[in-house]
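To start, the structure itself, in structure tokens.
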Amino acid sequence: MIRIMFKLTPFNMICLSIAQISTAIIPVLQVYVTIELVHRTERVIQEGSSQLGPAFVILLYQLLLFVLQLVLEVYVDFIVSKIKLVVLLHFGQEVTEKSARLSLLHFENHEFFDLLQRVSTGLEHRGLQFFQSFLQIAKNLITIIGFVVVLLGFHWLLAFGILLLIIPSLYIDIKESGFKVSQFVRQTPGRRRSIYFNTLLTERQWAKEIRIFGLSDYFINQWRKYTQQNGQEQIDLERKMSIFKVAINGLLLVMVTLISGFLLKLAALGTMTIASFVALIQTIFSIQSNLKFMASYIAGIYEQALYTNDLFQFLAMKEEETDGTPKLPFPASLEQGISVKNLGFGYPNNGRPILSDISFDVRIGEKIAIVGENGAGKSTLAKCLLGLYQPTAGTISYNGISLDQMDTKEFREHVTAIFQDFAQYQLTLRENIGLGHVEWMQEESRLQMAAAKSGVDEFFNELSEGFDTELGHKFYGGHELSYGQWQKIAISRAFFRDSEIIMLDEPTSALDPMAEAQLFEHIAQLTHGKTTFFISHRLGICRAADRILVLKDGQLVEQGSHEELMKLDGEYANMFRTQAEWYQ
């Protein structure tokens, strides 16, 4: 971690090191200044105002030391702020980029979200706290060595007794750190639930239903339950540790008192002056404080190591492409089309397969409808075809090239999709459409064309700033839209990409029947020559498909045109007639 930080911002790290180490020498110098100041004060008392000049000089030295310490402390805070920003930008980008490269399957696992929650907390502090702890240990060690040298000048037992003080402090601090980290990991699921219930109570999208069903009291009680449970566990740990802390710190106070008593004995024997006695008492208490801080910093390194282990564990997670084998480019043309052979898929740690032994071929430019009941595996098949899920059996080939042999990034540049849970970006209309192909975002003609294809142009004139109108409610000045309008924008984003392969997963779920019919007329025209898959529960759309794939319980049970499947009088015909009865 420290190596990474020196690589990121070497100048600031060196400046921080010098400043922190410099502050370690000041307390030792203050001991000698204090001894001299007390001597000068005695002479002022004995000899009068003639000794004020030398005494004021010593006071000036003391003032300069205090000012120097103040300046160094302020400078350290300034440098730390600069390093924090660099560290946050670096590790924040590392975590988000890693998250984007991980398989979509990780996002189906609650343990992944627990790990992500822990990793994302306090990214700017992780490495810096490591390094600062090391610096503070070095700083306190230098100061303590200086103090020990001072004590050795009077008696070796003083130095030996002081060094013994660190052992109990270090032991209790390391034990406490271990307990806290263990508790933090164990409480992550409960903490995420607490955050979730708080989100339900404060986010706009849940507000209507919470009021209609009167759910606020229930959600507040759930939030209180998890928050109080975590908080009570932390209080119990503090109570447990406080008993040990009182015992250990009591022992330290006894040891300091014994050392102070030894100083009194030395004073009684006449081996030190009153000035030396005052300065050494001050030194002993300073050493106790420094030892206590050093023990806590050592324990802090241990604690941060346990937290940071999560970060490096996350960054080391297996990505979608990690075998290092050269990947093939997306084929220049798709004369052979798309071939699916014996495709199977199942989620990890789930014995029941979602898809089983599915095989079909798609010709270039063919329009394929995928239908079936809820849970039949339609969306899972779509995600496999788009390379979002890796099949657990069988292959998917584009123009004879297996999808797992193809460069993932290049493949995704040639496909586009709109899902039923499409994104509503709280950004401008230009960005909402232009995110389909970022490089074209400033090209007005392309934006207008995509808007016209999906029907966005029908409400475009309502937007005060045109394509630069802020959309949504999250930010000041945002223009709110209906869900159907948001869906049209999402469809525009898919068209804006202008890809050879289009996947439409429930693209019209939020549209009224007239808008749906109009949109599918557009789709039929605009996808001419493009290979198009669409999933829909409204089977009327299937008339426009060249072929229909019928899924049931994860298996492909029928395929053919609308007319062919109606004649077959099987699964599809039964679904179509059942749905048609609602319109008769």
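Identifiers in the structure tokens: chain A, B, ... in order shown; residue index from 1 per chain; ligand index from 1 in order shown.
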Exercise. Taking the chain letters and numbering used in this document, name the residues of range 194-381 of chain A that DSSP puts in strand (DSSP E), as a list in words.
Key: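 Listing strand (DSSP E) positions across range 194-381 of chain A yields Ile338, Ser339, Val340, Lys341, Asn342, Leu343, Gly344, Phe345, Leu355, Ser356, Asp357, Ile358, Ser359, Phe360, Asp361, Val362, Lys367, Ile368, Ala369, Ile370, Val371 and Gly372 of chain A.
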Quiz prompt | Non-local contacts of Lys327 in chain A (9 Å; only C-alpha atoms; under 4 positions in same chain excluded) as number ranges by chain | solution = A: 404-408
Dump N, CA and C atoms for the selected residues as a CSV table (one decimal), in the first residue's frame?
```
chain,number,residue,atom,x,y,z
A,404,ASP,N,-16.8,-16.9,-26.2
A,404,ASP,CA,-15.8,-16.9,-25.2
A,404,ASP,C,-14.4,-16.7,-25.8
A,405,GLN,N,-14.2,-16.8,-27.1
A,405,GLN,CA,-13.0,-16.6,-27.8
A,405,GLN,C,-12.8,-15.2,-28.3
A,406,MET,N,-13.9,-14.4,-28.2
A,406,MET,CA,-14.0,-13.1,-28.8
A,406,MET,C,-13.6,-12.0,-27.8
A,407,ASP,N,-13.0,-10.9,-28.2
A,407,ASP,CA,-12.7,-9.8,-27.4
A,407,ASP,C,-14.0,-9.2,-26.9
A,408,THR,N,-14.2,-9.2,-25.5
A,408,THR,CA,-15.5,-8.8,-25.0
A,408,THR,C,-15.8,-7.3,-25.3
```
Exercise. Skip Asp505 in chain A itself and residues of its chain fewer than 4 positions away, then list as a ChimeraX atom specification all residues within 8 Å of it, counting only C-alpha atoms.
Key: /A:379,382,417-420,534-536
